[in-house]
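S.K.: Below is final.csv; it holds CSV, C-alpha atoms.
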chain,number,residue,atom,x,y,z
A,273,MET,CA,-3.4,-24.5,56.2
A,274,SER,CA,-0.7,-21.9,55.8
A,275,THR,CA,-1.1,-18.8,57.8
A,276,ALA,CA,0.1,-16.7,54.8
A,277,THR,CA,-3.1,-17.5,52.8
A,278,VAL,CA,-5.1,-14.4,52.0
A,279,ASN,CA,-8.7,-14.7,53.1
A,280,GLU,CA,-10.5,-12.8,50.3
A,281,SER,CA,-13.9,-13.9,51.4
A,282,ARG,CA,-13.9,-11.5,54.4
A,283,PRO,CA,-13.1,-7.9,53.6
A,284,GLY,CA,-10.7,-6.6,56.2
A,285,ALA,CA,-9.5,-10.0,57.3
A,286,GLU,CA,-6.0,-10.0,58.8
A,287,ARG,CA,-3.2,-12.3,57.9
A,288,THR,CA,0.3,-13.1,59.1
A,289,PRO,CA,3.0,-11.7,56.8
A,290,PRO,CA,4.3,-14.1,54.1
A,291,GLY,CA,7.0,-16.3,55.4
A,292,ALA,CA,6.2,-15.9,59.1
A,293,GLY,CA,5.4,-19.1,60.8
A,294,SER,CA,2.9,-19.6,63.6
A,295,GLY,CA,4.1,-18.9,67.1
A,296,THR,CA,6.6,-16.3,66.1
A,297,GLY,CA,4.7,-13.6,67.9
A,298,SER,CA,4.5,-11.4,64.8
A,299,GLY,CA,1.5,-9.2,64.7
A,300,PRO,CA,-1.0,-9.1,61.8
A,301,VAL,CA,-0.3,-7.0,58.8
A,302,ARG,CA,-2.4,-3.8,58.7
A,303,PRO,CA,-5.0,-3.9,55.9
A,304,GLY,CA,-4.0,-1.8,53.0
A,305,ALA,CA,-0.3,-2.3,53.6
A,306,ASP,CA,2.1,-0.5,51.2
A,307,ASP,CA,3.8,-2.3,48.4
A,308,GLY,CA,7.2,-2.2,50.2
A,309,ARG,CA,5.8,-4.3,53.0
A,310,ILE,CA,4.7,-7.2,50.7
A,311,GLY,CA,7.2,-9.6,49.3
A,312,LEU,CA,7.5,-10.4,45.6
A,313,ARG,CA,6.1,-13.9,46.0
A,314,ALA,CA,3.1,-12.6,47.8
A,315,ASN,CA,2.6,-9.8,45.3
A,316,LEU,CA,2.6,-12.3,42.4
A,317,ARG,CA,0.1,-14.5,44.3
A,318,HIS,CA,-2.2,-11.5,44.7
A,319,ILE,CA,-1.9,-10.6,41.0
A,320,GLY,CA,-2.7,-14.2,40.1
A,321,ALA,CA,-5.8,-14.1,42.4
A,322,LEU,CA,-7.0,-10.8,41.0
A,323,VAL,CA,-6.5,-12.0,37.4
A,324,ARG,CA,-8.6,-15.0,38.2
A,325,ARG,CA,-11.2,-12.8,39.7
A,326,ASN,CA,-11.4,-10.6,36.6
A,327,ALA,CA,-11.5,-13.6,34.3
A,328,LEU,CA,-14.4,-15.0,36.3
A,329,GLN,CA,-16.2,-11.7,36.0
A,330,ILE,CA,-15.9,-12.0,32.2
A,331,LYS,CA,-17.3,-15.6,32.4
A,332,GLN,CA,-20.2,-14.4,34.4
A,333,ASP,CA,-20.8,-11.4,32.1
A,334,PRO,CA,-20.1,-12.6,28.5
A,335,GLU,CA,-21.4,-9.3,27.2
A,336,SER,CA,-18.2,-7.7,28.3
A,337,MET,CA,-16.4,-9.5,25.5
A,338,PHE,CA,-18.7,-8.2,22.8
A,339,ASP,CA,-16.4,-5.4,21.8
A,340,ALA,CA,-13.4,-7.8,21.5
A,341,LEU,CA,-15.5,-10.2,19.4
A,342,LEU,CA,-17.7,-8.0,17.3
A,343,MET,CA,-15.6,-4.9,16.7
A,344,PRO,CA,-13.0,-6.6,14.5
A,345,ILE,CA,-15.7,-8.2,12.4
A,346,VAL,CA,-17.6,-4.9,11.9
A,347,PHE,CA,-14.6,-2.7,11.2
A,348,THR,CA,-13.0,-5.3,8.8
A,349,LEU,CA,-16.2,-5.8,6.8
A,350,LEU,CA,-16.9,-2.0,6.8
A,351,PHE,CA,-13.6,-0.9,5.5
A,352,VAL,CA,-13.0,-3.8,3.1
A,353,TYR,CA,-16.4,-3.9,1.4
A,354,VAL,CA,-17.7,-0.4,1.8
A,355,PHE,CA,-14.5,1.6,1.4
A,356,GLY,CA,-12.1,-1.0,0.0
A,357,GLY,CA,-12.8,-0.5,-3.7
A,358,ALA,CA,-12.7,3.3,-3.6
A,359,ILE,CA,-9.6,3.5,-1.4
A,360,GLY,CA,-7.9,0.9,-3.4
A,361,GLY,CA,-8.0,3.1,-6.5
A,362,ASP,CA,-10.0,1.6,-9.4
A,363,GLY,CA,-13.2,0.5,-7.6
A,364,GLY,CA,-12.8,-3.1,-8.7
A,365,GLY,CA,-12.1,-6.5,-7.0
A,366,ALA,CA,-8.4,-6.3,-7.6
A,367,SER,CA,-8.0,-3.1,-5.7
A,368,ARG,CA,-10.1,-4.5,-2.9
A,369,ASP,CA,-7.8,-7.5,-2.6
A,370,GLN,CA,-4.8,-5.3,-2.5
A,371,TYR,CA,-6.4,-3.1,0.2
A,372,VAL,CA,-7.1,-6.2,2.4
A,373,GLN,CA,-3.3,-6.8,2.4
A,374,TYR,CA,-2.7,-3.3,3.4
A,375,LEU,CA,-5.5,-2.9,5.9
A,376,ILE,CA,-5.4,-6.0,8.2
A,377,PRO,CA,-1.9,-5.5,9.6
A,378,GLY,CA,-2.6,-1.9,10.3
A,379,MET,CA,-5.9,-2.7,12.1
A,380,MET,CA,-4.1,-4.9,14.6
A,381,GLY,CA,-2.8,-1.8,16.4
A,382,MET,CA,-6.3,-0.2,16.1
A,383,MET,CA,-7.8,-3.1,17.9
A,384,GLY,CA,-5.3,-2.8,20.7
A,385,MET,CA,-6.1,0.9,21.2
A,386,SER,CA,-9.9,0.3,21.2
A,387,ILE,CA,-9.7,-2.4,23.8
A,388,ALA,CA,-7.3,-0.3,25.9
A,389,MET,CA,-9.8,2.5,26.0
A,390,ALA,CA,-12.4,0.4,27.8
A,391,VAL,CA,-10.1,-0.2,30.8
A,392,GLY,CA,-10.4,3.5,31.8
A,393,THR,CA,-14.2,3.4,32.1
A,394,GLY,CA,-14.0,0.1,33.9
A,395,ILE,CA,-11.6,1.5,36.6
A,396,ASN,CA,-13.8,4.6,37.0
A,397,GLU,CA,-17.0,2.5,37.5
A,398,ASP,CA,-15.2,0.2,40.0
A,399,PHE,CA,-14.6,3.2,42.2
A,400,ARG,CA,-18.1,4.5,41.7
A,401,LYS,CA,-19.6,1.1,42.6
A,402,GLY,CA,-17.4,0.6,45.7
A,403,VAL,CA,-15.5,-2.3,44.4
A,404,MET,CA,-12.2,-0.6,45.3
A,405,ASP,CA,-13.4,-0.3,48.9
A,406,ARG,CA,-13.0,-4.0,49.3
A,407,PHE,CA,-9.5,-4.0,47.9
A,408,ARG,CA,-8.6,-1.1,50.2
A,409,SER,CA,-9.5,-3.3,53.2
A,410,MET,CA,-7.2,-6.1,52.1
A,411,PRO,CA,-3.4,-6.4,52.8
A,412,ILE,CA,-2.5,-6.4,49.1
A,413,ALA,CA,-0.2,-4.2,47.0
A,414,ARG,CA,-2.1,-1.4,45.4
A,415,SER,CA,-0.1,-2.0,42.1
A,416,SER,CA,-1.3,-5.6,42.0
A,417,VAL,CA,-4.9,-4.4,41.3
A,418,LEU,CA,-3.9,-2.4,38.2
A,419,ILE,CA,-1.4,-5.0,37.0
A,420,ALA,CA,-4.0,-7.8,37.2
A,421,LYS,CA,-6.5,-5.7,35.2
A,422,SER,CA,-3.8,-4.9,32.6
A,423,VAL,CA,-3.1,-8.6,32.2
A,424,VAL,CA,-6.7,-9.4,31.6
A,425,GLU,CA,-7.1,-6.5,29.1
A,426,VAL,CA,-4.0,-7.7,27.2
A,427,GLY,CA,-5.8,-11.1,27.0
A,428,ARG,CA,-8.9,-9.4,25.5
A,429,MET,CA,-6.6,-7.6,23.0
A,430,LEU,CA,-5.2,-11.0,21.8
A,431,VAL,CA,-8.8,-12.3,21.4
A,432,ALA,CA,-9.7,-9.2,19.3
A,433,VAL,CA,-6.5,-9.6,17.1
A,434,THR,CA,-7.3,-13.3,16.6
A,435,VAL,CA,-10.8,-12.5,15.5
A,436,LEU,CA,-9.5,-9.8,13.2
A,437,LEU,CA,-7.0,-12.1,11.5
A,438,THR,CA,-9.6,-14.8,11.1
A,439,VAL,CA,-12.0,-12.5,9.4
A,440,GLY,CA,-9.1,-11.1,7.4
A,441,PHE,CA,-8.1,-14.6,6.1
A,442,LEU,CA,-11.7,-15.2,5.1
A,443,CYS,CA,-11.7,-11.9,3.2
A,444,GLY,CA,-8.5,-12.9,1.3
A,445,PHE,CA,-5.7,-11.8,3.5
A,446,ASP,CA,-2.5,-13.8,2.8
A,447,ILE,CA,0.7,-13.6,4.8
A,448,ASN,CA,2.6,-15.7,2.2
A,449,GLY,CA,4.1,-18.1,4.7
A,450,HIS,CA,5.3,-15.4,7.1
A,451,TRP,CA,4.0,-17.2,10.2
A,452,LEU,CA,6.8,-16.2,12.5
A,453,GLY,CA,6.4,-12.6,11.3
A,454,MET,CA,2.7,-12.8,12.1
A,455,LEU,CA,3.5,-14.0,15.7
A,456,ALA,CA,6.0,-11.2,16.1
A,457,ALA,CA,3.5,-8.7,14.9
A,458,ILE,CA,0.9,-10.0,17.4
A,459,GLY,CA,3.5,-9.7,20.2
A,460,LEU,CA,4.4,-6.2,19.2
A,461,THR,CA,0.7,-5.3,19.1
A,462,ALA,CA,0.3,-6.7,22.7
A,463,LEU,CA,3.3,-4.8,23.9
A,464,PHE,CA,2.1,-1.5,22.5
A,465,GLY,CA,-1.5,-2.1,23.7
A,466,ALA,CA,-0.2,-2.8,27.2
A,467,SER,CA,1.6,0.5,27.2
A,468,LEU,CA,-1.6,2.3,26.2
A,469,LEU,CA,-3.5,0.7,29.0
A,470,TRP,CA,-1.7,2.9,31.5
A,471,ILE,CA,-2.8,6.0,29.7
A,472,PHE,CA,-6.4,5.1,29.9
A,473,ILE,CA,-6.1,3.8,33.5
A,474,LEU,CA,-4.7,7.2,34.4
A,475,LEU,CA,-7.6,8.9,32.7
A,476,GLY,CA,-10.1,6.6,34.5
A,477,LEU,CA,-8.5,7.5,37.9
A,478,THR,CA,-8.5,11.3,37.0
A,479,MET,CA,-11.9,11.9,35.5
A,480,GLU,CA,-15.0,12.2,37.7
A,481,THR,CA,-17.4,10.0,35.6
A,482,ALA,CA,-17.2,7.1,33.1
A,483,GLN,CA,-18.8,9.4,30.5
A,484,ALA,CA,-16.0,11.9,30.9
A,485,VAL,CA,-13.4,9.1,30.6
A,486,GLN,CA,-15.0,7.9,27.4
A,487,GLY,CA,-15.2,11.4,25.9
A,488,VAL,CA,-11.6,12.2,26.6
A,489,SER,CA,-10.5,8.8,25.4
A,490,PHE,CA,-12.1,9.3,22.0
A,491,LEU,CA,-10.3,12.6,21.7
A,492,VAL,CA,-7.1,10.7,22.1
A,493,LEU,CA,-8.2,7.7,20.0
A,494,MET,CA,-9.6,9.2,16.9
A,495,PRO,CA,-6.6,11.5,15.8
A,496,MET,CA,-4.1,8.6,16.5
A,497,GLN,CA,-6.1,6.1,14.5
A,498,PHE,CA,-7.1,8.2,11.4
A,499,GLY,CA,-3.9,10.3,11.5
A,500,SER,CA,-1.8,7.3,10.8
A,501,SER,CA,-1.0,4.8,8.1
A,502,VAL,CA,-3.6,2.3,9.4
A,503,PHE,CA,-6.2,2.9,6.7
A,504,VAL,CA,-4.3,4.7,3.9
A,505,SER,CA,-0.8,5.5,2.9
A,506,THR,CA,0.6,8.7,4.5
A,507,ASP,CA,1.8,9.8,1.0
A,508,THR,CA,-1.8,10.8,0.2
A,509,MET,CA,-2.1,13.2,3.1
A,510,PRO,CA,-1.4,17.0,3.2
A,511,GLY,CA,2.1,17.9,4.4
A,512,TRP,CA,1.1,19.1,7.9
A,513,LEU,CA,-0.9,15.9,8.5
A,514,GLU,CA,1.9,13.7,7.0
A,515,ALA,CA,4.3,15.2,9.5
A,516,PHE,CA,2.1,14.2,12.3
A,517,THR,CA,1.6,10.6,11.0
A,518,LYS,CA,5.4,10.1,10.8
A,519,VAL,CA,5.7,10.6,14.6
A,520,ASN,CA,2.5,8.8,15.4
A,521,PRO,CA,3.4,5.5,17.2
A,522,LEU,CA,0.4,3.8,15.6
A,523,THR,CA,2.0,4.5,12.2
A,524,HIS,CA,5.2,2.8,13.4
A,525,LEU,CA,3.2,-0.2,14.6
A,526,ALA,CA,1.2,-0.5,11.4
A,527,ASP,CA,4.3,-0.3,9.2
A,528,ALA,CA,6.1,-2.8,11.5
A,529,ALA,CA,3.2,-5.3,11.3
A,530,ARG,CA,3.1,-5.0,7.5
A,531,GLY,CA,6.8,-5.6,7.2
A,532,LEU,CA,6.7,-8.6,9.5
A,533,MET,CA,3.6,-10.2,8.1
A,534,LEU,CA,4.0,-9.4,4.4
A,535,GLY,CA,7.8,-9.2,4.1
A,536,GLU,CA,7.4,-5.8,2.4
A,537,GLY,CA,9.0,-2.5,3.3
A,538,ALA,CA,11.4,-1.6,6.1
A,539,VAL,CA,11.0,-3.5,9.3
A,540,GLY,CA,13.9,-2.6,11.7
A,541,GLY,CA,13.1,1.1,12.1
A,542,PRO,CA,9.3,0.7,12.7
A,543,VAL,CA,9.8,-2.2,15.1
A,544,LEU,CA,12.5,-0.2,17.0
A,545,TRP,CA,10.3,2.9,17.3
A,546,THR,CA,7.3,0.8,18.4
A,547,VAL,CA,9.3,-0.7,21.2
A,548,VAL,CA,10.7,2.7,22.2
A,549,TRP,CA,7.2,4.2,22.3
A,550,SER,CA,5.8,1.3,24.2
A,551,VAL,CA,8.6,1.3,26.9
A,552,GLY,CA,8.5,5.1,27.1
A,553,LEU,CA,4.8,5.4,27.5
A,554,THR,CA,4.9,2.7,30.2
A,555,LEU,CA,7.7,4.3,32.1
A,556,VAL,CA,6.1,7.7,32.1
A,557,THR,CA,2.4,6.8,32.7
A,558,ALA,CA,2.5,3.6,34.9
A,559,PRO,CA,4.1,5.3,37.9
A,560,PHE,CA,1.6,8.2,37.8
A,561,ALA,CA,-1.3,5.8,37.4
A,562,ILE,CA,-0.1,3.7,40.4
A,563,ALA,CA,0.5,6.8,42.5
A,564,LYS,CA,-2.9,8.1,41.7
A,565,PHE,CA,-4.5,4.8,42.5
A,566,ARG,CA,-2.8,4.7,45.9
A,567,LYS,CA,-3.9,8.2,46.7
A,568,LYS,CA,-7.5,7.6,45.6
A,569,ALA,CA,-7.8,4.1,47.1
Starting from the coordinates I provided, produce the structure as structure tokens.

M.R.:
Amino acid sequence: MSTATVNESRPGAERTPPGAGSGTGSGPVRPGADDGRIGLRANLRHIGALVRRNALQIKQDPESMFDALLMPIVFTLLFVYVFGGAIGGDGGGASRDQYVQYLIPGMMGMMGMSIAMAVGTGINEDFRKGVMDRFRSMPIARSSVLIAKSVVEVGRMLVAVTVLLTVGFLCGFDINGHWLGMLAAIGLTALFGASLLWIFILLGLTMETAQAVQGVSFLVLMPMQFGSSVFVSTDTMPGWLEAFTKVNPLTHLADAARGLMLGEGAVGGPVLWTVVWSVGLTLVTAPFAIAKFRKKA
């Protein structure tokens, strides 16, 4: 068996650096080695192992998927059948059908934000329960822990979006053959959701308790969701609120998804701004989150 294999069954187990053969006289790598002392191949292997670990945790605890499975159903039925007629304009079935076409693409971004919020509380609880103590004893890159968690959370986002679209189709949503546009909208949602993960990871590493993380996350989440074009057109809002919605990245994502999936309205501008926001948020928050994790771990 290769001496480069990481023994995850024993916390604190030592290993020979990747690529070093037996008999070279190289000493073992100190547990908790910095990222710069671990090669790309080994880093990717660690990320893969941690992704598998997180996925197995979901398998052992199916309740952790309830938000991704039930939230799209509850919110879709609530807004379509409770508010759909009134928001649509005339209170009848025709307006509800039109509202479904408007609502579903916008809610894709909302699902991404809601799933991303959960990662902050998860990170905080992992520290509180001592899970991170085990990772600290292993010779793995600190960033691999956060990247693996982000990969799994993006997977949960895709599950939530799939459920949302399924319920939307059952409620009468029709993309009129824009299947490639739908796939592009899903990819754009995943990209934006992945960038938001780093914000909530940083909150989870900064706040003292999971309750504090959840409270602050809602303060971020609610204005962005309801101060956007997800649920209603921004033209119906007061001037000061409309000004906020125009710079809200969730508005850009919702408009981009509608343009891609329905073939209506401008597409290029909203898509470009969504990508700019996603890349910008990642470049700004990811380094801070990784640095905070290294310091705390």

S.K.: For CA of Phe399 (chain A) and CA of Gly552 (chain A), quote the distance in Å rounded to one decimal.

M.R.: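 Straight-line distance from CA of Phe399 (chain A) to CA of Gly552 (chain A) works out to 27.7 Å.
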
S.K.: Rank nothing, just name the residue among A:Leu442, A:Leu328, A:Val423, A:Ala390 nearest to Val352 (chain A), using only C-alpha atoms.

M.R.: A:Leu442

S.K.: So that I can check the surroundings of Asp527 (chain A), please list as a count of residues only every protein, DNA and RNA residue that reaches within 12 Å of it, counting all atoms listed in the file and ignoring chain neighbours fewer than 4 positions away.

M.R.: 40

S.K.: One decimal, Å: what's the distance from CA of Ala466 (chain A) over to CA of Gly392 (chain A), could you say?

M.R.: 12.8 Å

S.K.: I'd like the interatomic distance between CA of Leu474 (chain A) and CA of Gly487 (chain A), to a tenth of an Å.

M.R.: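 According to the coordinates, CA of Leu474 (chain A) and CA of Gly487 (chain A) are separated by 14.1 Å.
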
S.K.: Given the choices A:Leu342, A:Leu468, A:Met496, A:Val424, which gets closest to Phe516 (chain A) if the distance is worked out from all atoms listed in the file?

M.R.: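 Of A:Leu342, A:Leu468, A:Met496, A:Val424, the one nearest Phe516 (chain A) is A:Met496, counting all atoms listed in the file.
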
S.K.: Given all atoms listed in the file as the basis, pick out the residue of A:Val426, A:Ile473, A:Ala432, A:Ala321 nearest to Phe338 (chain A).

M.R.: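 Once distances to Phe338 (chain A) are computed over all atoms listed in the file, the minimum belongs to A:Ala432.
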
S.K.: Find the axis-aligned box for region 525-536 of chain A, covering all its listed atoms and adding 8 Å on each side, and write its centre and edge lengths in Å to one decimal as JSON.

M.R.:
{"center_x": 4.5, "center_y": -5.2, "center_z": 8.5, "size_x": 22.6, "size_y": 26.0, "size_z": 28.2}

S.K.: I'd like to know which of A:Thr508, A:Ala515, A:Phe472, A:Phe347 is closest to Val488 (chain A), using only C-alpha atoms.

M.R.: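 Answer, going by the shortest atom-to-atom distance: A:Phe472.
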
S.K.: With all atoms listed in the file counted, which protein, DNA or RNA residues have an atom no more than 12 Å from (-6.6, -6.7, 19.6) in the file frame? Please answer as a PDB file with C-alpha atoms, in the coordinates of the input.

M.R.:
ATOM      1  CA  MET A 337     -16.400  -9.500  25.500  1.00  0.00           C
ATOM      2  CA  ASP A 339     -16.400  -5.400  21.800  1.00  0.00           C
ATOM      3  CA  ALA A 340     -13.400  -7.800  21.500  1.00  0.00           C
ATOM      4  CA  LEU A 341     -15.500 -10.200  19.400  1.00  0.00           C
ATOM      5  CA  LEU A 342     -17.700  -8.000  17.300  1.00  0.00           C
ATOM      6  CA  MET A 343     -15.600  -4.900  16.700  1.00  0.00           C
ATOM      7  CA  PRO A 344     -13.000  -6.600  14.500  1.00  0.00           C
ATOM      8  CA  ILE A 345     -15.700  -8.200  12.400  1.00  0.00           C
ATOM      9  CA  ILE A 376      -5.400  -6.000   8.200  1.00  0.00           C
ATOM     10  CA  PRO A 377      -1.900  -5.500   9.600  1.00  0.00           C
ATOM     11  CA  GLY A 378      -2.600  -1.900  10.300  1.00  0.00           C
ATOM     12  CA  MET A 379      -5.900  -2.700  12.100  1.00  0.00           C
ATOM     13  CA  MET A 380      -4.100  -4.900  14.600  1.00  0.00           C
ATOM     14  CA  GLY A 381      -2.800  -1.800  16.400  1.00  0.00           C
ATOM     15  CA  MET A 382      -6.300  -0.200  16.100  1.00  0.00           C
ATOM     16  CA  MET A 383      -7.800  -3.100  17.900  1.00  0.00           C
ATOM     17  CA  GLY A 384      -5.300  -2.800  20.700  1.00  0.00           C
ATOM     18  CA  MET A 385      -6.100   0.900  21.200  1.00  0.00           C
ATOM     19  CA  SER A 386      -9.900   0.300  21.200  1.00  0.00           C
ATOM     20  CA  ILE A 387      -9.700  -2.400  23.800  1.00  0.00           C
ATOM     21  CA  ALA A 388      -7.300  -0.300  25.900  1.00  0.00           C
ATOM     22  CA  MET A 389      -9.800   2.500  26.000  1.00  0.00           C
ATOM     23  CA  GLU A 425      -7.100  -6.500  29.100  1.00  0.00           C
ATOM     24  CA  VAL A 426      -4.000  -7.700  27.200  1.00  0.00           C
ATOM     25  CA  GLY A 427      -5.800 -11.100  27.000  1.00  0.00           C
ATOM     26  CA  ARG A 428      -8.900  -9.400  25.500  1.00  0.00           C
ATOM     27  CA  MET A 429      -6.600  -7.600  23.000  1.00  0.00           C
ATOM     28  CA  LEU A 430      -5.200 -11.000  21.800  1.00  0.00           C
ATOM     29  CA  VAL A 431      -8.800 -12.300  21.400  1.00  0.00           C
ATOM     30  CA  ALA A 432      -9.700  -9.200  19.300  1.00  0.00           C
ATOM     31  CA  VAL A 433      -6.500  -9.600  17.100  1.00  0.00           C
ATOM     32  CA  THR A 434      -7.300 -13.300  16.600  1.00  0.00           C
ATOM     33  CA  VAL A 435     -10.800 -12.500  15.500  1.00  0.00           C
ATOM     34  CA  LEU A 436      -9.500  -9.800  13.200  1.00  0.00           C
ATOM     35  CA  LEU A 437      -7.000 -12.100  11.500  1.00  0.00           C
ATOM     36  CA  ALA A 457       3.500  -8.700  14.900  1.00  0.00           C
ATOM     37  CA  ILE A 458       0.900 -10.000  17.400  1.00  0.00           C
ATOM     38  CA  GLY A 459       3.500  -9.700  20.200  1.00  0.00           C
ATOM     39  CA  LEU A 460       4.400  -6.200  19.200  1.00  0.00           C
ATOM     40  CA  THR A 461       0.700  -5.300  19.100  1.00  0.00           C
ATOM     41  CA  ALA A 462       0.300  -6.700  22.700  1.00  0.00           C
ATOM     42  CA  LEU A 463       3.300  -4.800  23.900  1.00  0.00           C
ATOM     43  CA  PHE A 464       2.100  -1.500  22.500  1.00  0.00           C
ATOM     44  CA  GLY A 465      -1.500  -2.100  23.700  1.00  0.00           C
ATOM     45  CA  ALA A 466      -0.200  -2.800  27.200  1.00  0.00           C
TER      46      ALA A 466
END

S.K.: Add whatever atoms are absent from region 558-565 of chain A to reach all heavy atoms, and provide the output as a JSON list (two decimals), keeping the file's coordinate frame.

M.R.:
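Heads up, here's the output in rebuild_3.json:
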[["chain", "number", "residue", "atom", "x", "y", "z"],
["A", 558, "ALA", "N", 2.79, 4.66, 33.85],
["A", 558, "ALA", "CA", 2.50, 3.60, 34.90],
["A", 558, "ALA", "C", 2.77, 4.16, 36.29],
["A", 558, "ALA", "O", 1.92, 3.98, 37.18],
["A", 558, "ALA", "CB", 3.30, 2.37, 34.60],
["A", 559, "PRO", "N", 3.92, 4.80, 36.59],
["A", 559, "PRO", "CA", 4.10, 5.30, 37.90],
["A", 559, "PRO", "C", 3.08, 6.34, 38.37],
["A", 559, "PRO", "O", 2.63, 6.33, 39.52],
["A", 559, "PRO", "CB", 5.52, 5.95, 37.87],
["A", 559, "PRO", "CG", 6.21, 5.25, 36.74],
["A", 559, "PRO", "CD", 5.12, 5.00, 35.75],
["A", 560, "PHE", "N", 2.67, 7.22, 37.44],
["A", 560, "PHE", "CA", 1.60, 8.20, 37.80],
["A", 560, "PHE", "C", 0.30, 7.51, 38.05],
["A", 560, "PHE", "O", -0.43, 7.90, 38.97],
["A", 560, "PHE", "CB", 1.46, 9.19, 36.61],
["A", 560, "PHE", "CG", 2.52, 10.25, 36.55],
["A", 560, "PHE", "CD1", 3.50, 10.24, 35.58],
["A", 560, "PHE", "CD2", 2.55, 11.28, 37.49],
["A", 560, "PHE", "CE1", 4.48, 11.20, 35.52],
["A", 560, "PHE", "CE2", 3.52, 12.26, 37.44],
["A", 560, "PHE", "CZ", 4.50, 12.23, 36.47],
["A", 561, "ALA", "N", -0.03, 6.48, 37.24],
["A", 561, "ALA", "CA", -1.30, 5.80, 37.40],
["A", 561, "ALA", "C", -1.31, 5.05, 38.80],
["A", 561, "ALA", "O", -2.30, 5.09, 39.53],
["A", 561, "ALA", "CB", -1.51, 4.77, 36.31],
["A", 562, "ILE", "N", -0.20, 4.38, 39.14],
["A", 562, "ILE", "CA", -0.10, 3.70, 40.40],
["A", 562, "ILE", "C", -0.18, 4.64, 41.59],
["A", 562, "ILE", "O", -0.87, 4.40, 42.59],
["A", 562, "ILE", "CB", 1.14, 2.79, 40.47],
["A", 562, "ILE", "CG1", 1.06, 1.66, 39.44],
["A", 562, "ILE", "CG2", 1.34, 2.20, 41.87],
["A", 562, "ILE", "CD1", 2.33, 0.86, 39.30],
["A", 563, "ALA", "N", 0.54, 5.77, 41.47],
["A", 563, "ALA", "CA", 0.50, 6.80, 42.50],
["A", 563, "ALA", "C", -0.89, 7.35, 42.70],
["A", 563, "ALA", "O", -1.36, 7.56, 43.83],
["A", 563, "ALA", "CB", 1.52, 7.88, 42.23],
["A", 564, "LYS", "N", -1.57, 7.62, 41.60],
["A", 564, "LYS", "CA", -2.90, 8.10, 41.70],
["A", 564, "LYS", "C", -3.86, 7.13, 42.28],
["A", 564, "LYS", "O", -4.76, 7.48, 43.08],
["A", 564, "LYS", "CB", -3.39, 8.49, 40.24],
["A", 564, "LYS", "CG", -4.77, 9.14, 40.16],
["A", 564, "LYS", "CD", -4.74, 10.55, 40.68],
["A", 564, "LYS", "CE", -6.07, 11.23, 40.49],
["A", 564, "LYS", "NZ", -6.09, 12.61, 41.02],
["A", 565, "PHE", "N", -3.66, 5.86, 41.96],
["A", 565, "PHE", "CA", -4.50, 4.80, 42.50],
["A", 565, "PHE", "C", -4.31, 4.67, 44.02],
["A", 565, "PHE", "O", -5.27, 4.53, 44.78],
["A", 565, "PHE", "CB", -4.18, 3.48, 41.82],
["A", 565, "PHE", "CG", -5.04, 2.33, 42.29],
["A", 565, "PHE", "CD1", -6.34, 2.20, 41.83],
["A", 565, "PHE", "CD2", -4.56, 1.39, 43.18],
["A", 565, "PHE", "CE1", -7.14, 1.14, 42.27],
["A", 565, "PHE", "CE2", -5.34, 0.34, 43.61],
["A", 565, "PHE", "CZ", -6.64, 0.21, 43.15]]
